[in-house]
file run06.txt (compact mmCIF, C-alpha atoms)
# COMPACT_ATOMS: atom_id res chain seq x y z
CA MET A 1 -147.69 27.56 52.39
CA GLU A 2 -149.86 28.62 55.30
CA ASN A 3 -149.23 32.18 56.41
CA ARG A 4 -148.07 32.52 59.97
CA ASN A 5 -149.78 35.02 62.25
CA ILE A 6 -146.71 37.16 62.87
CA SER A 7 -148.50 39.67 65.10
CA GLN A 8 -149.71 36.83 67.29
CA ILE A 9 -146.22 35.33 67.52
CA ALA A 10 -144.70 38.74 68.28
CA ILE A 11 -147.15 39.55 71.06
CA GLU A 12 -146.61 36.12 72.61
CA ARG A 13 -142.85 36.64 72.54
CA ILE A 14 -143.27 40.07 74.14
CA LYS A 15 -145.23 38.49 76.98
CA ASP A 16 -143.15 35.33 77.35
CA GLU A 17 -139.83 37.16 77.36
CA GLY A 18 -141.20 39.97 79.53
CA ILE A 19 -140.14 42.64 77.02
CA LYS A 20 -140.87 46.15 78.24
CA PRO A 21 -140.58 49.42 76.26
CA ILE A 22 -137.44 51.43 76.99
CA SER A 23 -138.11 54.38 79.29
CA ARG A 24 -139.29 57.57 77.62
CA ASN A 25 -136.58 59.47 79.52
CA ILE A 26 -133.83 57.67 77.58
CA PHE A 27 -135.27 58.95 74.29
CA SER A 28 -135.84 62.43 75.71
CA ILE A 29 -132.25 62.62 76.96
CA LYS A 30 -130.97 61.42 73.56
CA ARG A 31 -132.99 64.06 71.72
CA VAL A 32 -131.94 66.87 74.07
CA LEU A 33 -128.33 65.70 73.87
CA PHE A 34 -128.25 66.03 70.10
CA TRP A 35 -129.72 69.53 70.27
CA VAL A 36 -127.16 70.46 72.93
CA LEU A 37 -124.44 69.17 70.60
CA VAL A 38 -125.90 71.18 67.69
CA ALA A 39 -126.03 74.32 69.84
CA SER A 40 -122.52 73.74 71.23
CA SER A 41 -121.06 73.22 67.76
CA PHE A 42 -122.80 76.38 66.61
CA ILE A 43 -121.64 78.54 69.55
CA ILE A 44 -118.05 77.23 69.37
CA GLY A 45 -118.16 77.68 65.59
CA ALA A 46 -119.29 81.30 65.97
CA ILE A 47 -116.57 81.99 68.57
CA THR A 48 -114.02 80.36 66.27
CA PHE A 49 -115.19 82.59 63.45
CA SER A 50 -114.66 85.63 65.70
CA LEU A 51 -111.12 84.35 66.37
CA VAL A 52 -110.50 84.01 62.63
CA LEU A 53 -111.69 87.60 62.17
CA SER A 54 -109.56 88.73 65.09
CA ALA A 55 -106.51 87.01 63.63
CA LEU A 56 -107.14 88.40 60.16
CA PHE A 57 -107.91 91.97 61.22
CA ASN A 58 -104.99 92.05 63.63
CA ASN A 59 -102.52 90.52 61.25
CA ASP A 60 -99.62 92.75 60.29
CA TRP A 61 -100.64 92.97 56.65
CA ASP A 62 -98.42 96.04 56.15
CA LEU A 63 -95.38 93.75 56.55
CA TYR A 64 -96.29 92.09 53.28
CA ASN A 65 -94.04 94.64 51.51
CA LYS A 66 -91.11 93.86 53.80
CA ILE A 67 -91.40 90.08 54.10
CA GLY A 68 -92.99 89.21 50.75
CA PHE A 69 -95.72 86.92 49.49
CA SER A 70 -94.86 84.08 51.86
CA PHE A 71 -96.02 86.34 54.71
CA ILE A 72 -99.66 85.66 53.81
CA PHE A 73 -99.26 81.88 54.03
CA ARG A 74 -97.10 82.07 57.12
CA THR A 75 -99.56 84.12 59.14
CA LEU A 76 -102.99 82.81 58.15
CA PRO A 77 -104.86 81.48 61.22
CA TYR A 78 -104.82 77.85 60.06
CA PHE A 79 -105.69 76.42 63.45
CA TRP A 80 -108.85 78.49 63.72
CA LEU A 81 -109.79 77.91 60.08
CA ILE A 82 -109.47 74.14 60.55
CA SER A 83 -111.39 74.36 63.84
CA LEU A 84 -114.13 76.31 62.08
CA ALA A 85 -114.37 73.62 59.39
CA VAL A 86 -114.46 70.87 62.04
CA PHE A 87 -117.25 72.53 64.04
CA THR A 88 -119.22 73.24 60.86
CA VAL A 89 -119.07 69.56 59.89
CA LEU A 90 -119.95 68.52 63.46
CA GLY A 91 -122.88 70.96 63.53
CA GLU A 92 -124.23 69.51 60.29
CA TYR A 93 -123.70 65.94 61.50
CA TYR A 94 -125.44 66.48 64.84
CA TYR A 95 -128.31 68.38 63.24
CA ARG A 96 -128.87 65.46 60.90
CA LYS A 97 -129.07 63.18 63.97
CA THR A 98 -131.94 65.18 65.48
CA TYR A 99 -135.41 63.66 65.17
CA LEU A 100 -136.43 65.33 61.90
CA GLY A 101 -132.98 66.57 60.87
CA HIS A 102 -132.72 64.10 58.01
CA ARG A 103 -135.39 65.93 56.01
CA ARG A 104 -133.13 68.87 55.14
CA GLY A 105 -130.44 68.64 52.47
CA PHE A 106 -126.72 68.96 53.13
CA ILE A 107 -126.36 72.26 51.25
CA LEU A 108 -129.31 73.85 53.06
CA ILE A 109 -128.04 72.86 56.52
CA MET A 110 -124.48 73.96 55.72
CA GLY A 111 -125.73 77.23 54.21
CA VAL A 112 -127.86 78.12 57.24
CA TYR A 113 -125.06 77.07 59.60
CA LEU A 114 -122.40 79.11 57.79
CA VAL A 115 -124.58 82.22 57.50
CA SER A 116 -125.54 82.01 61.20
CA THR A 117 -121.95 81.38 62.23
CA THR A 118 -120.81 84.37 60.17
CA VAL A 119 -123.44 86.68 61.65
CA PHE A 120 -122.95 85.60 65.27
CA GLY A 121 -119.18 85.28 64.85
CA SER A 122 -119.02 88.86 63.55
CA LEU A 123 -121.09 90.02 66.52
CA PHE A 124 -118.75 88.19 68.90
CA TYR A 125 -115.83 89.86 67.16
CA LEU A 126 -117.42 93.31 67.38
CA ILE A 127 -118.06 92.99 71.11
CA GLY A 128 -114.43 91.89 71.56
CA THR A 129 -114.94 88.20 72.34
CA GLY A 130 -112.33 87.07 69.79
CA ARG A 131 -109.65 89.37 71.14
CA LEU A 132 -110.48 88.48 74.75
CA ILE A 133 -110.24 84.74 74.12
CA GLU A 134 -107.04 85.10 72.13
CA GLN A 135 -105.45 87.13 74.93
CA SER A 136 -106.56 84.61 77.54
CA LEU A 137 -105.13 81.75 75.50
CA GLU A 138 -101.86 83.66 75.03
CA ASN A 139 -101.56 84.25 78.74
CA GLU A 140 -103.04 81.11 80.23
CA ALA A 141 -102.44 78.28 77.72
CA PRO A 142 -98.77 77.77 76.80
CA ILE A 143 -99.79 75.22 74.17
CA TYR A 144 -101.45 78.03 72.24
CA ARG A 145 -97.99 79.33 71.28
CA HIS A 146 -97.30 76.06 69.50
CA VAL A 147 -100.63 76.30 67.76
CA MET A 148 -99.87 79.83 66.54
CA LEU A 149 -96.26 78.99 65.80
CA ASN A 150 -96.20 80.91 62.53
CA ARG A 151 -96.95 84.20 64.20
CA TYR A 152 -94.10 83.65 66.66
CA GLU A 153 -91.84 82.54 63.87
CA VAL A 154 -92.42 85.74 61.86
CA TRP A 155 -91.53 87.82 64.92
CA SER A 156 -88.43 85.83 65.88
CA HIS A 157 -85.97 87.27 63.37
CA PRO A 158 -84.00 89.99 65.18
CA GLU A 159 -81.33 89.84 62.44
CA ALA A 160 -84.03 90.96 59.99
CA GLY A 161 -85.36 93.54 62.45
CA PHE A 162 -88.44 91.62 63.64
CA LEU A 163 -88.62 90.76 67.31
CA SER A 164 -91.26 90.00 69.90
CA GLY A 165 -91.16 89.54 73.63
CA ARG A 166 -92.65 90.33 77.01
CA ILE A 167 -91.61 93.54 78.80
CA ILE A 168 -89.74 92.77 81.99
CA ARG A 169 -88.35 96.22 82.82
CA VAL A 170 -89.28 99.81 81.90
CA MET A 171 -86.71 102.61 81.95
CA ASP A 172 -86.46 106.10 80.42
CA ASN A 173 -86.62 105.59 76.66
CA GLU A 174 -85.66 101.97 77.08
CA VAL A 175 -87.36 98.71 77.94
CA GLU A 176 -86.09 95.21 78.51
CA VAL A 177 -87.95 92.37 76.88
CA ILE A 178 -87.56 88.62 77.06
CA ASP A 179 -88.19 86.81 73.77
CA SER A 180 -89.74 83.36 73.30
CA ASP A 181 -86.28 81.74 73.45
CA GLY A 182 -85.55 83.37 76.79
CA PHE A 183 -83.05 85.97 75.51
CA ILE A 184 -83.21 89.40 77.08
CA TRP A 185 -83.10 92.39 74.76
CA ILE A 186 -82.71 96.09 75.53
CA ILE A 187 -85.05 98.07 73.32
CA ASN A 188 -84.12 101.69 72.65
CA MET A 189 -87.25 103.79 72.12
CA GLN A 190 -85.58 107.14 71.43
CA ASP A 191 -87.40 107.75 68.19
CA VAL A 192 -90.09 105.10 68.14
CA TYR A 193 -93.51 104.97 66.56
CA LEU A 194 -96.02 103.34 68.89
CA ARG A 195 -98.58 101.69 66.72
CA GLY A 196 -102.05 100.72 67.93
CA ARG A 197 -103.05 100.25 71.53
CA VAL A 198 -99.63 99.34 72.74
CA GLU A 199 -98.93 99.77 76.42
CA ILE A 200 -95.35 99.98 77.65
CA GLU A 201 -95.88 98.16 80.93
CA ILE A 202 -94.22 95.24 82.61
CA GLY A 203 -95.84 91.99 81.49
CA GLU A 204 -97.07 93.36 78.14
CA ARG A 205 -96.14 91.34 75.05
CA ILE A 206 -94.98 93.57 72.20
CA LYS A 207 -93.68 93.35 68.64
CA ILE A 208 -90.67 95.41 67.64
CA ILE A 209 -89.50 96.51 64.21
CA GLY A 210 -86.02 98.03 64.12
CA LYS A 211 -82.34 97.25 63.95
CA CYS A 212 -81.03 94.66 66.38
CA MET A 213 -77.42 93.88 67.18
CA GLU A 214 -76.10 91.67 69.97
CA THR A 215 -78.64 92.34 72.72
CA ILE A 216 -79.77 95.81 71.75
CA CYS A 217 -82.53 96.87 69.39
CA ILE A 218 -83.04 100.40 68.09
CA ALA A 219 -86.80 100.33 67.69
CA ASP A 220 -88.43 102.12 64.77
CA GLU A 221 -91.85 100.84 65.67
CA ILE A 222 -93.51 98.98 68.53
CA ARG A 223 -96.87 97.19 68.20
CA PRO A 224 -99.07 95.33 70.67
CA TRP A 225 -98.84 91.53 70.31
CA ILE A 226 -102.57 91.27 69.71
CA GLY A 227 -104.64 93.98 68.07
CA MET A 228 -103.61 97.18 66.36
CA ARG A 229 -106.11 99.81 65.27
CA ARG A 230 -105.21 103.44 66.12
CA GLY A 231 -101.62 104.69 65.76
CA MET A 232 -99.84 107.31 67.87
CA MET A 233 -96.44 108.94 67.98
CA ARG A 234 -94.37 109.00 71.07
CA MET B 1 -156.18 38.80 73.28
CA ILE B 2 -157.88 41.98 72.08
CA ASP B 3 -160.30 41.74 69.19
CA THR B 4 -158.80 43.83 66.38
CA ARG B 5 -162.26 45.01 65.40
CA SER B 6 -162.46 46.97 68.65
CA CYS B 7 -159.34 48.90 67.57
CA GLU B 8 -160.52 49.81 64.09
CA SER B 9 -161.81 53.24 65.06
CA LYS B 10 -158.59 54.15 66.87
CA THR B 11 -155.71 56.03 65.26
CA ASP B 12 -152.16 54.67 65.26
CA GLU B 13 -151.16 57.29 67.81
CA GLU B 14 -154.00 56.32 70.13
CA LEU B 15 -153.00 52.67 69.83
CA VAL B 16 -149.39 53.56 70.70
CA GLY B 17 -150.62 55.22 73.90
CA LEU B 18 -152.83 52.25 74.75
CA SER B 19 -150.05 49.73 73.93
CA LEU B 20 -147.78 51.42 76.43
CA LYS B 21 -150.38 50.79 79.12
CA ASP B 22 -151.45 47.33 77.95
CA SER B 23 -149.26 45.29 75.58
CA ASP B 24 -152.36 43.52 74.21
CA TYR B 25 -153.21 46.68 72.26
CA PHE B 26 -149.93 46.32 70.42
CA PHE B 27 -151.50 43.33 68.69
CA CYS B 28 -153.98 45.70 66.98
CA LEU B 29 -151.14 47.94 65.87
CA SER B 30 -148.99 45.12 64.51
CA LYS B 31 -151.96 43.46 62.81
CA ARG B 32 -152.73 46.74 61.06
CA TYR B 33 -149.25 46.81 59.51
CA GLU B 34 -148.56 43.11 59.15
CA GLU B 35 -149.40 42.66 55.46
CA LYS B 36 -148.03 46.02 54.34
CA LEU B 37 -144.71 45.54 56.08
CA LEU B 38 -144.38 41.93 55.03
CA ARG B 39 -144.78 43.00 51.41
CA TYR B 40 -142.35 45.88 51.87
CA ILE B 41 -139.70 43.66 53.45
CA THR B 42 -140.11 41.05 50.71
CA HIS B 43 -139.85 43.72 48.02
CA ILE B 44 -136.65 45.28 49.25
CA SER B 45 -134.92 42.18 50.55
CA LYS B 46 -135.95 39.66 47.88
CA PHE B 47 -136.27 37.15 50.75
CA SER B 48 -138.72 34.27 50.67
CA ARG B 49 -142.00 34.83 52.50
CA GLU B 50 -140.83 32.72 55.41
CA ASP B 51 -137.60 34.66 55.83
CA SER B 52 -139.47 37.95 55.49
CA GLU B 53 -141.84 36.84 58.24
CA ASP B 54 -138.89 36.23 60.53
CA VAL B 55 -137.64 39.75 59.81
CA LEU B 56 -141.12 41.14 60.41
CA GLN B 57 -141.31 39.41 63.79
CA GLU B 58 -138.11 41.21 64.82
CA VAL B 59 -139.56 44.48 63.50
CA PHE B 60 -142.57 44.15 65.78
CA ILE B 61 -140.43 43.28 68.79
CA LYS B 62 -138.14 46.28 68.15
CA THR B 63 -141.13 48.54 67.56
CA TYR B 64 -142.63 47.58 70.89
CA TYR B 65 -139.29 47.86 72.68
CA ASN B 66 -138.80 51.40 71.30
CA LEU B 67 -142.43 52.47 71.53
CA ASN B 68 -141.61 55.34 73.90
CA GLY B 69 -139.27 56.72 71.25
CA PHE B 70 -142.12 57.38 68.86
CA ASP B 71 -142.68 61.11 68.43
CA PRO B 72 -146.05 62.12 66.93
CA SER B 73 -144.28 64.81 64.84
CA LEU B 74 -143.59 61.84 62.56
CA LYS B 75 -146.31 59.58 61.14
CA PHE B 76 -146.43 56.25 62.94
CA SER B 77 -146.42 54.48 59.58
CA SER B 78 -143.16 56.25 58.62
CA TRP B 79 -141.65 55.31 61.96
CA ILE B 80 -142.52 51.62 61.76
CA TYR B 81 -141.47 51.49 58.08
CA ARG B 82 -138.11 52.96 59.15
CA ILE B 83 -137.67 50.18 61.70
CA ALA B 84 -138.65 47.65 59.02
CA HIS B 85 -136.16 49.23 56.60
CA ASN B 86 -133.32 49.03 59.15
CA GLU B 87 -134.18 45.46 60.11
CA ALA B 88 -134.44 44.37 56.46
CA VAL B 89 -131.12 46.01 55.57
CA SER B 90 -129.49 44.36 58.55
CA ALA B 91 -130.96 40.96 57.54
CA ILE B 92 -129.80 41.43 53.92
CA ARG B 93 -126.26 42.01 55.17
CA LYS B 94 -126.40 38.81 57.19
CA LYS B 95 -127.48 36.54 54.37
CA VAL B 96 -127.18 36.29 50.60
CA ALA B 97 -130.51 37.18 49.08
CA ARG B 98 -132.21 34.72 46.77
CA PRO B 99 -134.02 36.35 43.84
CA THR B 100 -137.71 35.62 44.05
CA LEU B 101 -140.87 36.65 42.27
CA TYR B 102 -142.55 38.98 44.66
CA LEU B 103 -144.97 41.14 42.71
CA GLU B 104 -148.65 40.56 43.22
CA GLU B 105 -151.67 41.13 41.01
CA GLY B 106 -152.29 44.74 41.98
CA ASP B 107 -148.61 45.68 41.72
CA LEU B 108 -148.61 45.33 37.96
CA GLU B 109 -151.43 47.85 37.71
CA LYS B 110 -149.56 50.34 39.89
CA PHE B 111 -146.37 50.11 37.89
CA GLY B 112 -148.25 50.03 34.58
CA ASP B 113 -150.04 53.28 35.41
CA VAL B 114 -146.90 55.03 36.59
CA PHE B 115 -144.75 54.08 33.65
CA ASP B 116 -147.55 53.97 31.09
CA MET B 117 -146.46 50.50 30.06
CA VAL B 118 -148.00 48.31 27.39
CA LYS B 119 -150.44 45.95 29.00
CA ASP B 120 -151.79 44.12 26.00
CA VAL B 121 -149.23 41.37 26.43
CA ASP B 122 -149.70 38.52 28.82
CA ASN B 123 -149.98 39.75 32.40
CA SER B 124 -147.70 37.09 33.81
CA ILE B 125 -144.96 38.03 31.32
CA ASP B 126 -145.31 41.68 32.26
CA ARG B 127 -145.22 40.89 35.94
CA LYS B 128 -142.16 38.76 35.53
CA ALA B 129 -140.45 41.51 33.48
CA ILE B 130 -141.29 44.19 36.05
CA ASP B 131 -140.04 41.92 38.78
CA ILE B 132 -136.74 41.24 37.04
CA ALA B 133 -136.33 44.89 36.04
CA LEU B 134 -136.85 45.89 39.67
CA SER B 135 -134.45 43.19 40.86
CA ASN B 136 -131.80 44.47 38.48
CA LEU B 137 -131.93 47.93 39.99
CA ASP B 138 -129.52 49.07 42.64
CA GLU B 139 -131.03 48.67 46.13
CA LYS B 140 -131.31 52.43 46.68
CA TYR B 141 -133.46 52.89 43.56
CA ARG B 142 -135.51 49.74 44.07
CA GLU B 143 -136.43 50.79 47.57
CA VAL B 144 -137.65 54.29 46.71
CA LEU B 145 -139.68 52.95 43.78
CA VAL B 146 -141.28 50.31 45.98
CA LEU B 147 -142.13 52.88 48.65
CA ARG B 148 -143.41 55.44 46.17
CA PHE B 149 -145.37 53.29 43.76
CA LEU B 150 -146.27 50.10 45.61
CA ASP B 151 -146.65 51.41 49.15
CA GLU B 152 -147.83 54.80 47.82
CA LYS B 153 -145.82 56.89 50.27
CA ASP B 154 -145.24 60.59 49.65
CA TYR B 155 -141.77 62.18 49.46
CA VAL B 156 -141.73 63.34 53.11
CA GLU B 157 -142.76 59.89 54.34
CA ILE B 158 -140.04 58.26 52.23
CA SER B 159 -137.58 60.83 53.59
CA ASP B 160 -138.62 59.87 57.14
CA ILE B 161 -138.41 56.13 56.45
CA LEU B 162 -135.02 56.20 54.76
CA LYS B 163 -133.67 59.15 56.79
CA LYS B 164 -132.61 60.91 53.62
CA PRO B 165 -133.32 64.54 52.67
CA VAL B 166 -136.55 65.11 50.73
CA SER B 167 -134.55 66.50 47.80
CA THR B 168 -132.43 63.34 47.67
CA VAL B 169 -135.57 61.20 47.67
CA GLY B 170 -136.89 63.20 44.69
CA ASN B 171 -133.65 62.68 42.78
CA LEU B 172 -133.58 58.96 43.57
CA ILE B 173 -137.14 58.49 42.34
CA LEU B 174 -136.46 60.42 39.14
CA ARG B 175 -133.29 58.48 38.39
CA GLY B 176 -134.85 55.18 39.55
CA LYS B 177 -137.77 55.60 37.14
CA LYS B 178 -135.40 56.17 34.22
CA LEU B 179 -133.29 53.16 35.15
CA PHE B 180 -136.34 50.97 35.68
CA LYS B 181 -137.75 51.94 32.29
CA TYR B 182 -134.43 51.17 30.66
CA GLU B 183 -134.23 47.75 32.35
CA TYR B 184 -137.83 46.96 31.51
CA GLU B 185 -137.45 47.92 27.85
CA LYS B 186 -134.33 45.81 27.63
CA LEU B 187 -136.28 42.81 28.91
CA ILE B 188 -139.38 43.06 26.76
CA GLY B 189 -137.51 44.37 23.73
CA VAL B 190 -139.89 47.25 22.94
CA SER B 191 -139.95 50.89 23.89
CA VAL B 192 -142.70 51.81 26.36
call {"tool": "encode", "arguments": {"input": "run06.txt", "output": "structure tokens"}}
result
Amino acid sequence: MENRNISQIAIERIKDEGIKPISRNIFSIKRVLFWVLVASSFIIGAITFSLVLSALFNNDWDLYNKIGFSFIFRTLPYFWLISLAVFTVLGEYYYRKTYLGHRRGFILIMGVYLVSTTVFGSLFYLIGTGRLIEQSLENEAPIYRHVMLNRYEVWSHPEAGFLSGRIIRVMDNEVEVIDSDGFIWIINMQDVYLRGRVEIEIGERIKIIGKCMETICIADEIRPWIGMRRGMMR
Amino acid sequence: MIDTRSCESKTDEELVGLSLKDSDYFFCLSKRYEEKLLRYITHISKFSREDSEDVLQEVFIKTYYNLNGFDPSLKFSSWIYRIAHNEAVSAIRKKVARPTLYLEEGDLEKFGDVFDMVKDVDNSIDRKAIDIALSNLDEKYREVLVLRFLDEKDYVEISDILKKPVSTVGNLILRGKKLFKYEYEKLIGVSV
């Protein structure tokens, strides 16, 4: 069989059909877009890691003795852990879509991504980004409460002495708080231990450990809703 | 039409630049790769020459259409082989491949050297056996073996053509060689 001159046929088709190369800008935009997606996944991943750290470091681990083993599973920051996994996978996927991204192996890309996320996420945590974002979400995004349902659930057992709510009134040795169900409680702070950076001010969300009956709680301990660190006696 | 001899001294990258200004220069570029790509497409697709030529025509059209997307950080040959790979895979999906003898004279030598095969038997028998052994391999192994040993591409080039990590390419070649040897020995009935 006679060989066809494919190059000749191709060039004739290009001319006859008026085929023109796609603009360079389209390719440039595509390349930049993938790098933007890689960078975004990385930055969001690092912030998410700082939120995981914030949730873990600010968890009330000391309640493990009072609530038991289930406490660990009930209070782990699942939402942030899943988000971290999602952004790690996205980061790897987008990196692979960059022009020469295919050359690196899965393990290498994931390794570099996880180490970088850990380092930058820890830095974000140390400068307070995690705490700041968590507080903003608590205050500004009502949906966040549904996401962190377990934490609310742990602190919604007044019969067991665990209560949380927002301060709506401050009196001498007493405050009024409204819990997540809208009930108003009077908290007696006669002999209370203020743990961490808790501020007894209207609008502050607090956690209370004590004995609760009807609408009154005798508080043994009050903690800030987010964050703990230093303790102080009142 | 441009005389291809006038393009001989020019690099692929230079021809890409010239083709963007004058489509006639693209003829030099496509002519340079015509035989290589036709052989590659035939090897991986097992299409007849005529069908492979149709695929190749589409490869050249797509290459020209995407010419601005070529980045010199990649070899032009890897880039055009990648387009050929994608087009061949797409064509394979569209039609049922017919097994065909596609090895040429020089191919036997290349495979013989790589696998240290016995070559004292009739060349045509050997060629047929190599061809069938290759055909029996899974597409992913056949393709890396063709690129490595027939088209003589290095690992990075194969990685760029197939868009697979270099380490994966290495593993595929290693495993492909073992499988090929096994298939070949099964066919000729002796250990090589």
call {"tool": "closest_atom_pairs", "arguments": {"input": "run06.txt", "of": "segment 54-148 of chain A", "to": "segment 157-177 of chain A", "cutoff": "12 Å", "atoms": "all atoms listed in the file", "output": "JSON lines"}}
result
{"residue": "A:Asp60", "atom": "CA", "partner": "A:Phe162", "partner_atom": "CA", "distance": 11.7}
{"residue": "A:Leu63", "atom": "CA", "partner": "A:Phe162", "partner_atom": "CA", "distance": 10.1}
{"residue": "A:Lys66", "atom": "CA", "partner": "A:Ala160", "partner_atom": "CA", "distance": 9.8}
{"residue": "A:Ile67", "atom": "CA", "partner": "A:Ala160", "partner_atom": "CA", "distance": 9.5}
{"residue": "A:Glu138", "atom": "CA", "partner": "A:Arg166", "partner_atom": "CA", "distance": 11.5}
{"residue": "A:Asn139", "atom": "CA", "partner": "A:Arg166", "partner_atom": "CA", "distance": 10.9}
call {"tool": "write_last_selection", "arguments": {"input": "run06.txt", "atoms": "C-alpha atoms", "output": "short mmCIF file (atom, residue, chain, number, x, y, z; two decimals), in the frame of the given file"}}
result
data_model
loop_
_atom_site.label_atom_id
_atom_site.label_comp_id
_atom_site.auth_asym_id
_atom_site.auth_seq_id
_atom_site.Cartn_x
_atom_site.Cartn_y
_atom_site.Cartn_z
CA ASP A 60 -99.62 92.75 60.29
CA LEU A 63 -95.38 93.75 56.55
CA LYS A 66 -91.11 93.86 53.80
CA ILE A 67 -91.40 90.08 54.10
CA GLU A 138 -101.86 83.66 75.03
CA ASN A 139 -101.56 84.25 78.74
#
call {"tool": "interface_residues", "arguments": {"input": "run06.txt", "of": "chain A", "to": "chain B", "cutoff": "12 Å", "atoms": "all atoms listed in the file", "output": "VMD selection string"}}
result
chain A and resid 1 to 31 96 to 109
call {"tool": "atom_distance", "arguments": {"input": "run06.txt", "atom1": "atom CA of Gly128 of chain A", "atom2": "atom CA of Ile209 of chain A"}}
result
26.4 Å
call {"tool": "residues_around", "arguments": {"input": "run06.txt", "residues": "segment 71-86 of chain A", "least_positions_apart": "6", "cutoff": "6 Å", "atoms": "all atoms listed in the file", "output": "PyMOL selection string"}}
result
chain A and resi 45+48+52+64+150-151
call {"tool": "closest_residue", "arguments": {"input": "run06.txt", "among": "A:Val38, A:Ala141, A:Ile127, A:Ile43", "to": "Tyr93 of chain A", "atoms": "only C-alpha atoms"}}
result
A:Val38
call {"tool": "residues_around", "arguments": {"input": "run06.txt", "residues": "Ala91 of chain B", "least_positions_apart": "6", "cutoff": "10 Å", "atoms": "only C-alpha atoms", "output": "ChimeraX atom specification"}}
result
/B:45,47,51-52,54-55,85,97
call {"tool": "residues_around", "arguments": {"input": "run06.txt", "residues": "Val144 of chain B", "least_positions_apart": "3", "cutoff": "8 Å", "atoms": "only C-alpha atoms", "output": "compact mmCIF listing (two decimals) with C-alpha atoms, keeping the file's coordinate frame"}}
result
# COMPACT_ATOMS: atom_id res chain seq x y z
CA LYS B 140 -131.31 52.43 46.68
CA TYR B 141 -133.46 52.89 43.56
CA LEU B 147 -142.13 52.88 48.65
CA ARG B 148 -143.41 55.44 46.17
CA ILE B 158 -140.04 58.26 52.23
CA VAL B 169 -135.57 61.20 47.67
CA LEU B 172 -133.58 58.96 43.57
CA ILE B 173 -137.14 58.49 42.34
CA GLY B 176 -134.85 55.18 39.55
call {"tool": "build_atoms", "arguments": {"input": "run06.txt", "residues": "segment 171-175 of chain B", "atoms": "all heavy atoms", "output": "PDB file, in the frame of the given file"}}
result
ATOM      1  N   ASN B 171    -134.653  63.031  43.799  1.00  0.00           N
ATOM      2  CA  ASN B 171    -133.650  62.680  42.780  1.00  0.00           C
ATOM      3  C   ASN B 171    -133.569  61.176  42.566  1.00  0.00           C
ATOM      4  O   ASN B 171    -133.444  60.706  41.437  1.00  0.00           O
ATOM      5  CB  ASN B 171    -132.265  63.200  43.189  1.00  0.00           C
ATOM      6  CG  ASN B 171    -132.193  64.704  43.083  1.00  0.00           C
ATOM      7  OD1 ASN B 171    -132.909  65.301  42.275  1.00  0.00           O
ATOM      8  ND2 ASN B 171    -131.355  65.328  43.891  1.00  0.00           N
ATOM      9  N   LEU B 172    -133.655  60.417  43.676  1.00  0.00           N
ATOM     10  CA  LEU B 172    -133.580  58.960  43.570  1.00  0.00           C
ATOM     11  C   LEU B 172    -134.764  58.393  42.789  1.00  0.00           C
ATOM     12  O   LEU B 172    -134.605  57.483  41.970  1.00  0.00           O
ATOM     13  CB  LEU B 172    -133.528  58.318  44.971  1.00  0.00           C
ATOM     14  CG  LEU B 172    -132.196  58.401  45.716  1.00  0.00           C
ATOM     15  CD1 LEU B 172    -132.357  57.922  47.148  1.00  0.00           C
ATOM     16  CD2 LEU B 172    -131.123  57.558  45.024  1.00  0.00           C
ATOM     17  N   ILE B 173    -135.945  58.969  43.046  1.00  0.00           N
ATOM     18  CA  ILE B 173    -137.140  58.490  42.340  1.00  0.00           C
ATOM     19  C   ILE B 173    -137.030  58.785  40.847  1.00  0.00           C
ATOM     20  O   ILE B 173    -137.288  57.929  39.995  1.00  0.00           O
ATOM     21  CB  ILE B 173    -138.426  59.112  42.947  1.00  0.00           C
ATOM     22  CG1 ILE B 173    -138.677  58.514  44.336  1.00  0.00           C
ATOM     23  CG2 ILE B 173    -139.631  58.884  42.030  1.00  0.00           C
ATOM     24  CD1 ILE B 173    -139.805  59.157  45.109  1.00  0.00           C
ATOM     25  N   LEU B 174    -136.599  60.004  40.548  1.00  0.00           N
ATOM     26  CA  LEU B 174    -136.460  60.420  39.140  1.00  0.00           C
ATOM     27  C   LEU B 174    -135.476  59.507  38.403  1.00  0.00           C
ATOM     28  O   LEU B 174    -135.772  58.980  37.334  1.00  0.00           O
ATOM     29  CB  LEU B 174    -135.966  61.872  39.103  1.00  0.00           C
ATOM     30  CG  LEU B 174    -136.215  62.625  37.805  1.00  0.00           C
ATOM     31  CD1 LEU B 174    -137.702  62.866  37.629  1.00  0.00           C
ATOM     32  CD2 LEU B 174    -135.472  63.963  37.829  1.00  0.00           C
ATOM     33  N   ARG B 175    -134.337  59.322  38.999  1.00  0.00           N
ATOM     34  CA  ARG B 175    -133.290  58.480  38.390  1.00  0.00           C
ATOM     35  C   ARG B 175    -133.736  57.011  38.374  1.00  0.00           C
ATOM     36  O   ARG B 175    -133.526  56.320  37.379  1.00  0.00           O
ATOM     37  CB  ARG B 175    -131.998  58.647  39.195  1.00  0.00           C
ATOM     38  CG  ARG B 175    -130.837  57.835  38.717  1.00  0.00           C
ATOM     39  CD  ARG B 175    -129.842  58.667  37.940  1.00  0.00           C
ATOM     40  NE  ARG B 175    -128.738  57.829  37.476  1.00  0.00           N
ATOM     41  CZ  ARG B 175    -128.564  57.452  36.223  1.00  0.00           C
ATOM     42  NH1 ARG B 175    -129.378  57.867  35.279  1.00  0.00           N
ATOM     43  NH2 ARG B 175    -127.539  56.689  35.884  1.00  0.00           N
TER      44      ARG B 175
END
